[in-house]
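Trainee: My file is run-v8.csv. It has CSV, C-alpha atoms:
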```
chain,number,residue,atom,x,y,z
A,1,MET,CA,3.2,14.1,-24.3
A,2,ASN,CA,1.2,11.0,-23.6
A,3,LYS,CA,-1.9,11.2,-21.4
A,4,ILE,CA,-2.6,8.2,-19.1
A,5,LEU,CA,-5.9,7.5,-17.4
A,6,VAL,CA,-5.4,6.1,-13.9
A,7,PHE,CA,-7.9,4.2,-11.8
A,8,GLY,CA,-7.0,3.3,-8.2
A,9,ILE,CA,-7.0,6.4,-6.1
A,10,THR,CA,-9.7,6.1,-3.4
A,11,ASP,CA,-10.6,8.3,-0.4
A,12,ASN,CA,-8.0,6.4,1.7
A,13,PRO,CA,-4.3,7.3,1.4
A,14,GLY,CA,-3.3,3.7,1.7
A,15,GLY,CA,-0.4,1.7,0.1
A,16,MET,CA,-1.9,1.4,-3.4
A,17,GLU,CA,-2.6,5.1,-3.5
A,18,SER,CA,0.9,5.9,-2.2
A,19,VAL,CA,2.5,3.8,-4.9
A,20,ILE,CA,0.6,5.6,-7.6
A,21,MET,CA,1.4,9.0,-6.2
A,22,ASN,CA,5.1,8.2,-5.8
A,23,TYR,CA,5.3,7.5,-9.5
A,24,TYR,CA,3.1,10.4,-10.4
A,25,LYS,CA,5.2,12.9,-8.4
A,26,ASN,CA,8.4,11.8,-9.9
A,27,ILE,CA,7.5,11.1,-13.5
A,28,ASP,CA,8.6,13.6,-16.2
A,29,LYS,CA,5.4,15.5,-16.9
A,30,THR,CA,6.7,16.9,-20.2
A,31,LYS,CA,6.6,13.3,-21.4
A,32,VAL,CA,3.7,11.8,-19.5
A,33,GLN,CA,0.7,13.3,-17.7
A,34,PHE,CA,-1.9,11.4,-15.6
A,35,ASP,CA,-5.6,12.0,-15.2
A,36,PHE,CA,-7.5,10.1,-12.5
A,37,LEU,CA,-10.9,8.4,-12.7
A,38,CYS,CA,-12.3,7.9,-9.2
A,39,ASN,CA,-15.6,6.6,-7.7
A,40,THR,CA,-15.4,8.3,-4.3
A,41,GLU,CA,-16.6,11.8,-3.5
A,42,LYS,CA,-13.4,12.5,-1.5
A,43,VAL,CA,-10.2,11.7,-3.2
A,44,ALA,CA,-6.9,11.1,-1.4
A,45,TYR,CA,-4.1,13.5,-2.5
A,46,GLU,CA,-6.6,15.6,-4.4
A,47,ASN,CA,-4.7,18.9,-3.9
A,48,GLU,CA,-1.4,17.3,-4.9
A,49,ILE,CA,-2.9,15.8,-8.1
A,50,ILE,CA,-4.4,19.2,-9.2
A,51,ALA,CA,-1.1,21.0,-8.4
A,52,LEU,CA,0.8,18.5,-10.5
A,53,GLY,CA,-1.5,19.2,-13.5
A,54,GLY,CA,-3.8,16.2,-13.3
A,55,ASN,CA,-7.5,16.1,-13.7
A,56,ILE,CA,-9.9,14.2,-11.5
A,57,PHE,CA,-13.1,12.7,-12.9
A,58,ARG,CA,-15.6,11.3,-10.5
A,59,ILE,CA,-18.2,8.7,-11.3
A,60,THR,CA,-20.8,6.9,-9.1
A,61,ALA,CA,-19.5,3.7,-7.6
A,62,ARG,CA,-21.1,0.5,-9.0
A,63,SER,CA,-22.1,-0.6,-5.5
A,64,ASN,CA,-24.0,2.7,-4.8
A,65,ASN,CA,-26.2,2.9,-8.0
A,66,ILE,CA,-25.5,0.5,-10.8
A,67,LYS,CA,-27.7,2.2,-13.3
A,68,LYS,CA,-26.2,5.6,-12.7
A,69,TYR,CA,-22.7,4.0,-12.7
A,70,ARG,CA,-23.2,2.5,-16.1
A,71,LYS,CA,-24.6,5.7,-17.6
A,72,GLU,CA,-21.7,7.7,-16.3
A,73,MET,CA,-19.1,5.1,-17.4
A,74,LYS,CA,-20.4,5.2,-20.9
A,75,GLY,CA,-20.6,8.9,-20.9
A,76,PHE,CA,-17.1,9.4,-19.7
A,77,PHE,CA,-15.4,6.8,-22.0
A,78,SER,CA,-17.3,7.8,-25.1
A,79,THR,CA,-16.3,11.4,-24.6
A,80,ASN,CA,-12.8,11.1,-23.3
A,81,ALA,CA,-11.2,7.8,-24.3
A,82,LYS,CA,-9.6,9.3,-27.4
A,83,LYS,CA,-7.4,11.5,-25.2
A,84,TYR,CA,-5.5,8.6,-23.6
A,85,SER,CA,-2.8,6.4,-25.0
A,86,ALA,CA,-3.2,4.0,-22.0
A,87,ILE,CA,-5.4,3.2,-18.9
A,88,TRP,CA,-3.6,2.0,-15.8
A,89,VAL,CA,-6.1,0.1,-13.5
A,90,ASN,CA,-4.8,-0.5,-10.0
A,91,LEU,CA,-6.8,-3.0,-8.0
A,92,CYS,CA,-6.6,-5.4,-5.0
A,93,SER,CA,-9.3,-7.7,-6.4
A,94,LEU,CA,-10.7,-8.5,-9.9
A,95,ALA,CA,-14.3,-8.3,-8.6
A,96,ASN,CA,-14.8,-5.3,-11.0
A,97,ILE,CA,-12.9,-5.0,-14.3
A,98,ASP,CA,-15.5,-2.8,-16.1
A,99,TYR,CA,-12.9,0.0,-16.4
A,100,LEU,CA,-10.9,-2.3,-18.8
A,101,LYS,CA,-14.0,-3.3,-20.6
A,102,TYR,CA,-15.0,0.2,-21.4
A,103,ALA,CA,-11.5,1.2,-22.2
A,104,LYS,CA,-11.3,-1.5,-24.8
A,105,LYS,CA,-14.7,-0.8,-26.2
A,106,TYR,CA,-13.9,2.9,-26.7
A,107,GLY,CA,-10.4,2.3,-28.2
A,108,ILE,CA,-7.7,3.0,-25.5
A,109,LYS,CA,-4.8,1.1,-27.0
A,110,TYR,CA,-2.8,0.0,-23.9
A,111,ARG,CA,-4.9,-1.4,-21.0
A,112,ILE,CA,-2.9,-2.2,-17.9
A,113,ILE,CA,-4.2,-4.2,-15.0
A,114,HIS,CA,-2.0,-3.9,-11.9
A,115,SER,CA,-2.4,-6.3,-8.9
A,116,HIS,CA,-1.6,-4.7,-5.5
A,117,ASN,CA,-2.5,-7.6,-3.2
A,118,SER,CA,-2.1,-11.4,-2.8
A,119,GLU,CA,-5.6,-12.0,-1.5
A,120,ASN,CA,-8.7,-9.9,-0.8
A,121,ASP,CA,-11.9,-12.0,-0.6
A,122,THR,CA,-14.1,-10.1,1.8
A,123,THR,CA,-17.4,-11.7,0.6
A,124,PHE,CA,-18.5,-14.8,-1.2
A,125,LEU,CA,-19.9,-12.8,-4.1
A,126,ARG,CA,-16.6,-10.8,-4.5
A,127,ALA,CA,-14.7,-14.1,-4.4
A,128,ILE,CA,-16.9,-15.5,-7.3
A,129,LEU,CA,-16.5,-12.4,-9.3
A,130,HIS,CA,-12.7,-12.4,-8.8
A,131,LYS,CA,-12.5,-16.0,-9.9
A,132,ASN,CA,-14.6,-15.5,-13.0
A,133,ASN,CA,-12.8,-12.3,-14.1
A,134,LYS,CA,-9.4,-14.0,-13.6
A,135,ARG,CA,-10.4,-16.4,-16.4
A,136,ILE,CA,-11.3,-13.6,-18.8
A,137,ILE,CA,-8.9,-10.8,-18.0
A,138,GLN,CA,-6.9,-11.5,-21.1
A,139,LYS,CA,-9.8,-10.4,-23.3
A,140,TYR,CA,-9.6,-6.9,-21.9
A,141,ALA,CA,-6.1,-6.1,-20.7
A,142,THR,CA,-3.0,-5.8,-22.9
A,143,ASP,CA,-0.5,-5.6,-20.1
A,144,PHE,CA,-0.4,-7.4,-16.7
A,145,TRP,CA,1.5,-5.9,-13.8
A,146,ALA,CA,1.9,-6.9,-10.1
A,147,CYS,CA,3.8,-5.6,-7.1
A,148,SER,CA,5.1,-9.1,-6.4
A,149,ASP,CA,4.9,-12.6,-7.8
A,150,GLU,CA,2.5,-13.5,-5.0
A,151,ALA,CA,0.2,-10.7,-6.2
A,152,GLY,CA,0.6,-11.8,-9.8
A,153,LYS,CA,-0.5,-15.3,-8.9
A,154,TRP,CA,-3.6,-13.9,-7.2
A,155,PHE,CA,-4.7,-12.1,-10.4
A,156,TYR,CA,-3.3,-14.0,-13.4
A,157,SER,CA,-3.2,-17.5,-15.0
A,158,LYS,CA,0.1,-19.3,-15.5
A,159,GLU,CA,-0.1,-18.5,-19.2
A,160,ILE,CA,-0.1,-14.8,-18.4
A,161,LEU,CA,2.6,-15.1,-15.8
A,162,ASP,CA,4.9,-16.9,-18.3
A,163,SER,CA,4.2,-14.3,-21.0
A,164,HIS,CA,6.2,-11.2,-22.0
A,165,LYS,CA,3.1,-9.1,-21.1
A,166,TYR,CA,3.6,-9.8,-17.4
A,167,ARG,CA,6.0,-7.6,-15.3
A,168,ILE,CA,6.7,-6.7,-11.7
A,169,VAL,CA,6.4,-3.0,-11.0
A,170,ASN,CA,8.2,-2.3,-7.8
A,171,ASN,CA,6.5,-0.3,-5.0
A,172,ALA,CA,9.3,2.2,-5.1
A,173,ILE,CA,9.8,5.0,-2.6
A,174,ASP,CA,12.0,8.1,-2.2
A,175,VAL,CA,14.6,6.4,0.0
A,176,GLU,CA,16.2,9.7,1.1
A,177,LYS,CA,12.9,11.0,2.4
A,178,TYR,CA,12.7,8.1,4.9
A,179,ARG,CA,16.3,8.0,5.9
A,180,PHE,CA,16.8,8.2,9.7
A,181,ARG,CA,17.5,11.6,11.1
A,182,GLU,CA,18.2,12.1,14.8
A,183,GLU,CA,16.9,15.7,15.0
A,184,CYS,CA,13.7,14.7,13.2
A,185,ARG,CA,13.3,11.9,15.8
A,186,LYS,CA,13.7,14.2,18.7
A,187,LYS,CA,11.2,16.7,17.3
A,188,TYR,CA,8.5,14.1,16.6
A,189,ARG,CA,8.9,12.4,19.9
A,190,LYS,CA,8.5,15.7,21.7
A,191,ASP,CA,5.5,16.8,19.6
A,192,LEU,CA,3.7,13.4,20.0
A,193,GLY,CA,4.5,13.1,23.7
A,194,LEU,CA,6.7,10.1,23.2
A,195,GLU,CA,9.8,11.2,25.0
A,196,ASN,CA,11.3,8.5,27.2
A,197,LYS,CA,9.0,5.9,25.6
A,198,ILE,CA,9.7,2.6,23.8
A,199,VAL,CA,7.6,3.2,20.7
A,200,ILE,CA,6.0,0.3,18.8
A,201,GLY,CA,4.5,1.5,15.6
A,202,ASN,CA,2.1,0.4,12.8
A,203,VAL,CA,0.9,2.1,9.7
A,204,GLY,CA,-2.1,0.6,8.0
A,205,ARG,CA,-5.8,0.7,7.2
A,206,PHE,CA,-8.1,-0.6,10.0
A,207,HIS,CA,-9.2,-3.7,8.0
A,208,PHE,CA,-9.2,-7.4,8.8
A,209,GLN,CA,-6.2,-7.9,6.5
A,210,LYS,CA,-3.9,-5.8,8.8
A,211,ASN,CA,-4.7,-8.0,11.8
A,212,HIS,CA,-5.0,-5.2,14.4
A,213,GLU,CA,-6.7,-7.4,16.9
A,214,PHE,CA,-3.7,-9.7,17.2
A,215,LEU,CA,-1.4,-6.6,17.2
A,216,ILE,CA,-3.2,-5.3,20.3
A,217,GLU,CA,-2.8,-8.7,21.9
A,218,ILE,CA,0.9,-8.6,21.3
A,219,PHE,CA,1.2,-5.1,22.7
A,220,ALA,CA,-0.8,-6.2,25.8
A,221,GLU,CA,1.9,-8.8,26.4
A,222,LEU,CA,4.6,-6.2,26.0
A,223,ARG,CA,2.9,-4.0,28.6
A,224,LYS,CA,3.5,-6.8,31.1
A,225,LYS,CA,7.2,-6.4,30.6
A,226,TYR,CA,7.7,-2.7,30.1
A,227,ASP,CA,6.1,0.2,31.9
A,228,ASN,CA,7.2,2.8,29.3
A,229,VAL,CA,6.1,1.0,26.1
A,230,GLN,CA,3.7,2.9,23.8
A,231,LEU,CA,1.8,1.8,20.7
A,232,VAL,CA,1.3,4.3,17.9
A,233,LEU,CA,-1.2,3.4,15.2
A,234,VAL,CA,-1.5,5.4,12.0
A,235,GLY,CA,-4.5,5.0,9.6
A,236,GLN,CA,-8.2,4.9,9.3
A,237,GLY,CA,-10.8,2.3,8.4
A,238,GLU,CA,-14.0,0.5,9.1
A,239,LEU,CA,-12.6,-1.5,12.1
A,240,GLN,CA,-11.1,1.5,13.9
A,241,ASN,CA,-13.9,1.8,16.5
A,242,HIS,CA,-13.8,-2.0,17.1
A,243,ILE,CA,-10.1,-1.8,17.8
A,244,LYS,CA,-10.5,1.2,20.1
A,245,ASP,CA,-13.1,-0.9,22.0
A,246,LYS,CA,-10.6,-3.7,22.4
A,247,VAL,CA,-7.9,-1.3,23.6
A,248,ASN,CA,-10.4,0.1,26.2
A,249,LYS,CA,-11.5,-3.4,27.4
A,250,LEU,CA,-7.8,-4.3,27.9
A,251,GLY,CA,-7.2,-1.1,29.9
A,252,LEU,CA,-4.7,0.2,27.4
A,253,ASN,CA,-6.2,3.6,26.6
A,254,ASP,CA,-3.3,5.5,28.0
A,255,PHE,CA,-0.7,3.4,26.2
A,256,VAL,CA,-2.1,3.4,22.6
A,257,THR,CA,-2.0,6.5,20.4
A,258,PHE,CA,-4.4,6.7,17.4
A,259,LEU,CA,-3.0,9.3,15.0
A,260,GLY,CA,-5.5,8.8,12.2
A,261,VAL,CA,-4.5,9.6,8.6
A,262,ARG,CA,-1.1,11.4,8.3
A,263,ASN,CA,0.9,12.8,5.5
A,264,ASP,CA,4.2,12.8,7.5
A,265,ILE,CA,4.9,9.1,7.8
A,266,ALA,CA,8.6,9.5,7.3
A,267,GLY,CA,8.8,11.8,10.4
A,268,ILE,CA,6.6,9.5,12.5
A,269,MET,CA,8.7,6.5,11.6
A,270,ASN,CA,11.8,8.4,12.8
A,271,ALA,CA,10.0,8.6,16.2
A,272,MET,CA,9.3,4.8,16.4
A,273,ASP,CA,11.6,2.2,17.8
A,274,ILE,CA,10.1,-1.0,16.3
A,275,PHE,CA,7.6,-1.5,13.5
A,276,LEU,CA,5.1,-4.3,14.2
A,277,PHE,CA,3.2,-5.6,11.1
A,278,PRO,CA,1.3,-9.0,11.7
A,279,SER,CA,-0.8,-8.8,8.5
A,280,LEU,CA,-2.8,-11.8,7.4
A,281,PHE,CA,-1.7,-11.3,3.7
A,282,GLU,CA,0.1,-8.7,1.6
A,283,GLY,CA,1.2,-8.2,-2.0
A,284,MET,CA,4.3,-6.1,-1.4
A,285,PRO,CA,3.7,-3.8,1.5
A,286,LEU,CA,5.0,-0.3,0.7
A,287,VAL,CA,5.1,0.6,4.4
A,288,LEU,CA,7.7,-2.1,5.1
A,289,ILE,CA,10.0,-0.7,2.5
A,290,GLU,CA,9.5,2.8,4.0
A,291,ALA,CA,10.2,1.4,7.5
A,292,GLN,CA,13.4,-0.3,6.4
A,293,ALA,CA,14.5,2.9,4.7
A,294,SER,CA,14.1,4.5,8.1
A,295,ALA,CA,16.3,1.7,9.6
A,296,LEU,CA,13.5,0.6,11.8
A,297,PRO,CA,13.6,-3.0,13.2
A,298,CYS,CA,10.5,-4.6,11.7
A,299,VAL,CA,8.6,-7.6,13.1
A,300,VAL,CA,6.3,-9.1,10.5
A,301,SER,CA,4.2,-12.2,9.7
A,302,LYS,CA,6.0,-15.1,8.0
A,303,ASP,CA,4.4,-16.6,4.9
A,304,ALA,CA,1.7,-14.0,4.8
A,305,ILE,CA,4.2,-11.4,3.5
A,306,PRO,CA,6.5,-12.1,0.6
A,307,GLU,CA,10.1,-12.9,1.7
A,308,LYS,CA,11.2,-10.5,-1.0
A,309,VAL,CA,10.2,-7.6,1.3
A,310,LYS,CA,13.3,-8.3,3.5
A,311,MET,CA,15.9,-5.9,2.1
A,312,THR,CA,17.8,-5.2,5.3
A,313,ASP,CA,18.9,-7.1,8.4
A,314,GLN,CA,16.4,-5.1,10.4
A,315,LEU,CA,13.4,-7.3,9.3
A,316,MET,CA,12.3,-10.4,11.3
A,317,PHE,CA,9.6,-12.9,10.2
A,318,ILE,CA,7.5,-14.7,12.8
A,319,PRO,CA,4.8,-17.3,12.0
A,320,LEU,CA,1.2,-16.1,12.7
A,321,GLU,CA,0.6,-19.5,14.3
A,322,LYS,CA,2.8,-18.4,17.2
A,323,GLU,CA,1.0,-16.9,20.2
A,324,ALA,CA,1.0,-13.2,21.1
A,325,SER,CA,3.4,-14.0,24.0
A,326,TYR,CA,5.9,-15.5,21.6
A,327,TRP,CA,5.8,-12.4,19.4
A,328,ALA,CA,6.2,-10.2,22.5
A,329,ASP,CA,9.3,-12.3,23.6
A,330,LYS,CA,10.9,-11.7,20.2
A,331,ILE,CA,10.2,-8.0,20.3
A,332,SER,CA,11.6,-7.9,23.9
A,333,ASP,CA,14.9,-9.2,22.5
A,334,ILE,CA,15.0,-6.3,20.2
A,335,ILE,CA,14.0,-3.8,22.8
A,336,ASP,CA,16.7,-5.0,25.2
A,337,ASN,CA,19.4,-4.4,22.5
A,338,LEU,CA,18.1,-1.1,21.1
A,339,GLU,CA,20.8,1.4,20.3
A,340,ILE,CA,19.2,4.3,18.6
A,341,SER,CA,22.6,6.0,18.0
A,342,LYS,CA,23.5,3.2,15.6
A,343,ARG,CA,20.4,3.5,13.6
A,344,LYS,CA,21.8,6.2,11.3
A,345,ASN,CA,24.6,3.8,10.4
A,346,ILE,CA,22.5,0.8,9.5
A,347,ASN,CA,23.0,-0.3,5.9
A,348,ILE,CA,19.9,0.3,3.7
A,349,ARG,CA,21.7,-0.3,0.4
A,350,GLY,CA,19.6,-3.4,-0.2
A,351,ILE,CA,16.6,-1.2,-0.9
A,352,LEU,CA,18.4,0.5,-3.7
A,353,GLU,CA,19.9,-2.8,-5.0
A,354,CYS,CA,16.5,-4.5,-5.1
A,355,GLY,CA,15.1,-1.7,-7.3
A,356,TYR,CA,12.9,0.2,-4.8
A,357,ASP,CA,14.3,3.7,-5.3
A,358,ILE,CA,11.7,5.8,-7.2
A,359,LYS,CA,14.4,7.8,-8.9
A,360,THR,CA,15.5,4.8,-11.0
A,361,GLU,CA,12.2,2.9,-11.2
A,362,VAL,CA,10.2,5.9,-12.6
A,363,GLU,CA,12.3,5.9,-15.7
A,364,LYS,CA,11.0,2.4,-16.6
A,365,LEU,CA,7.4,3.7,-16.4
A,366,GLU,CA,8.3,6.7,-18.5
A,367,LYS,CA,9.6,4.5,-21.2
A,368,PHE,CA,6.5,2.2,-21.1
A,369,PHE,CA,4.0,5.1,-21.1
A,370,GLY,CA,6.0,6.8,-23.9
A,371,ARG,CA,5.0,4.1,-26.4
A,372,LYS,CA,2.9,5.1,-29.3
```
Output the file's structure in the form of structure tokens.

Mentor:
Amino acid sequence: MNKILVFGITDNPGGMESVIMNYYKNIDKTKVQFDFLCNTEKVAYENEIIALGGNIFRITARSNNIKKYRKEMKGFFSTNAKKYSAIWVNLCSLANIDYLKYAKKYGIKYRIIHSHNSENDTTFLRAILHKNNKRIIQKYATDFWACSDEAGKWFYSKEILDSHKYRIVNNAIDVEKYRFREECRKKYRKDLGLENKIVIGNVGRFHFQKNHEFLIEIFAELRKKYDNVQLVLVGQGELQNHIKDKVNKLGLNDFVTFLGVRNDIAGIMNAMDIFLFPSLFEGMPLVLIEAQASALPCVVSKDAIPEKVKMTDQLMFIPLEKEASYWADKISDIIDNLEISKRKNINIRGILECGYDIKTEVEKLEKFFGRK
């Protein structure tokens, strides 16, 4: 059995974390076992990781105490590196590639860098660090992965993108888990107080990337058209209170439901009628694959999200340049033609054909991680 050291699980059960866990839950653990190196005190999916046989190692975050961070990094890799045949480093920015540097220094043979986003500059310093590390990443990584070509271009040079060491690793899901089920829909709508509502949904971290401010403006326009429309937001993040303040100022408190972090996204999506996702940028959003598997009509931002994400006829792109009222008009067209009874018959075969079913995709990782 090959042991793989994984970095990329934080305290937030977001898209990147879900991708890692989808592969971990489905990989053959008689062949491959993951251990996790984390720099947050709380770790998303911690109980699941332990139940699946994985170990969790915590080190201080570089931003919290750089001296302690370096000491703990050196201590961990000098003691443990020999156990692992590969390190799999999952990131949304190249601002910190120390995990690859230490892995190389202490002899881990395969060092994988995996890009999960197509943009992520939140500060000037991080932008500079990303740009500099993009130039030198070949010195430390042996394999270069991305969730989409857009994400690949954000991390890698043309030389890397044209090489055999670059590959797309699909954000695969358990398609059957998300398939629409009418009984599940009824239960969740009753439990969440959504009966007789037109439910607009979004799942995402409260972060500027996800564009919640504009989402609320779109919903405010919809409220002018429909008395029974309800917005359901799933997630957590640093901008959550700011968005709640905006909802309050617009007088929408009774019409917006904040569910926080949930581990039953498939059920909640069954309860939704339309999935609204006006992100400013994305690599390959896992949540849109899940929403399409649930046969949800999806309204998403054009150009900011890779066209490759469209795997069913249920997904519509709208330019972010269009005003909130324009988005609301397009959503109204969908609402006026909603037939929930037909949702279970919507063809989601495109998700399977495009390679996003975890049952088949996990075999590719098993083969890769099985290398000696």

Trainee: I want to know what sits within 10 Å of A:Met272, based on only C-alpha atoms, with residues of the same chain fewer than 6 positions away left out; could you give that as a list of chain:residue names?

Mentor: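 Once the adjacent positions are removed, what remains is A:Arg185, A:Tyr188, A:Arg189, A:Leu194, A:Lys197, A:Ile198, A:Val199, A:Ile200, A:Gly201, A:Asn202, A:Gln230, A:Leu231, A:Val232, A:Ala291, A:Ser294, A:Leu296, A:Pro297.
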
Trainee: What does the structure give for the distance between atom CA of A:Ser301 and atom CA of A:Gly283, in Å to one decimal?

Mentor: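 Separation between atom CA of A:Ser301 and atom CA of A:Gly283: 12.7 Å.
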
Trainee: Compute the distance from (-3.6, 10.1, -13.9) to each atom, counting all atoms listed in the file, keep the residues with any atom at most 8 Å away, and return them as a list of chain:residue names; use the coordinates of the file.

Mentor: A:Lys3, A:Ile4, A:Leu5, A:Val6, A:Phe7, A:Tyr24, A:Gln33, A:Phe34, A:Asp35, A:Phe36, A:Leu37, A:Gly54, A:Asn55, A:Ile56

Trainee: Rounded to one decimal place, report the atom CA of A:Lys310-atom CA of A:Leu280 distance in Å.

Mentor: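 So the answer is 16.9 Å.
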
Trainee: Counting all atoms listed in the file, figure out which residue out of A:Gly350, A:Gly152, A:Pro13, A:Gly53 gets nearest to A:Lys165.

Mentor: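 Nearest candidate to A:Lys165 out of A:Gly350, A:Gly152, A:Pro13, A:Gly53: A:Gly152.
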
Trainee: Which one of A:Thr142, A:Gln209, A:Ser157, A:Asn47 sits closest to A:Thr122 if you count only C-alpha atoms?

Mentor: A:Gln209

Trainee: Taking (2.1, -0.4, 6.2) in the file's coordinates, which residues come within 8 Å, counting all atoms listed in the file, written as a PyMOL selection string?

Mentor: chain A and resi 15+202-204+277+285-288

Trainee: For A:Cys147, which residue out of A:Ser163, A:Asn90, A:Thr123, A:Asn12 is the nearest one, using all atoms listed in the file?

Mentor: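 Of all the options, A:Asn90 lies closest to A:Cys147.
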
Trainee: Smallest atom-to-atom distance to A:Lys225: which of A:Glu353, A:Asp333, A:Asp149, A:Asp28, using only C-alpha atoms?

Mentor: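 Counting only C-alpha atoms, the residue closest to A:Lys225 is A:Asp333.
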
Trainee: Which value, in Å to one decimal, gives the distance between atom CA of A:Ile340 and atom CA of A:Arg223?

Mentor: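 Separating atom CA of A:Ile340 from atom CA of A:Arg223 is a distance of 20.8 Å.
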
Trainee: Go through A:Leu222, A:Val309, A:Val175, A:Val247 and flag the residue nearest A:Tyr326, using all atoms listed in the file for the distances.

Mentor: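 Distance minimum relative to A:Tyr326 lands on A:Leu222.
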
Trainee: Please produce, as CSV, a per-residue contact table for stretch 135-217 of chain A versus stretch 103-114 of chain A (criterion: any atom at most 7 Å away, all atoms listed in the file considered), showing the nearest atom pair and its distance in Å to one decimal, sorted by chain then residue number.

Mentor:
```
residue,atom,partner,partner_atom,distance
A:Tyr140,CA,A:Lys104,CA,6.4
A:Ala141,CA,A:Arg111,CA,4.9
A:Thr142,CA,A:Arg111,CA,5.2
A:Asp143,CA,A:Ile112,CA,4.7
A:Phe144,CA,A:Ile113,CA,5.3
A:Trp145,CA,A:His114,CA,4.5
A:Ala146,CA,A:His114,CA,5.2
```

Trainee: Could you turn the residues from that selection into a file that holds C-alpha atoms, as a PDB file, in the coordinates of the input?

Mentor:
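Contents of the output file selection-v4.pdb:
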```
ATOM      1  CA  TYR A 140      -9.600  -6.900 -21.900  1.00  0.00           C
ATOM      2  CA  ALA A 141      -6.100  -6.100 -20.700  1.00  0.00           C
ATOM      3  CA  THR A 142      -3.000  -5.800 -22.900  1.00  0.00           C
ATOM      4  CA  ASP A 143      -0.500  -5.600 -20.100  1.00  0.00           C
ATOM      5  CA  PHE A 144      -0.400  -7.400 -16.700  1.00  0.00           C
ATOM      6  CA  TRP A 145       1.500  -5.900 -13.800  1.00  0.00           C
ATOM      7  CA  ALA A 146       1.900  -6.900 -10.100  1.00  0.00           C
TER       8      ALA A 146
END
```

Trainee: Between A:Glu366, A:Ala61, A:Phe155, A:Gly267, single out the one closest to A:Asn2, counting all atoms listed in the file.

Mentor: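 Answer, going by the shortest atom-to-atom distance: A:Glu366.
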
Trainee: Can you pull out every residue within 6 Å of A:Gly235, counting all atoms listed in the file, but drop anything in the same chain fewer than 6 positions away, and send it as a list in words?

Mentor: Gly204, Arg205, Gly260 and Val261 of chain A
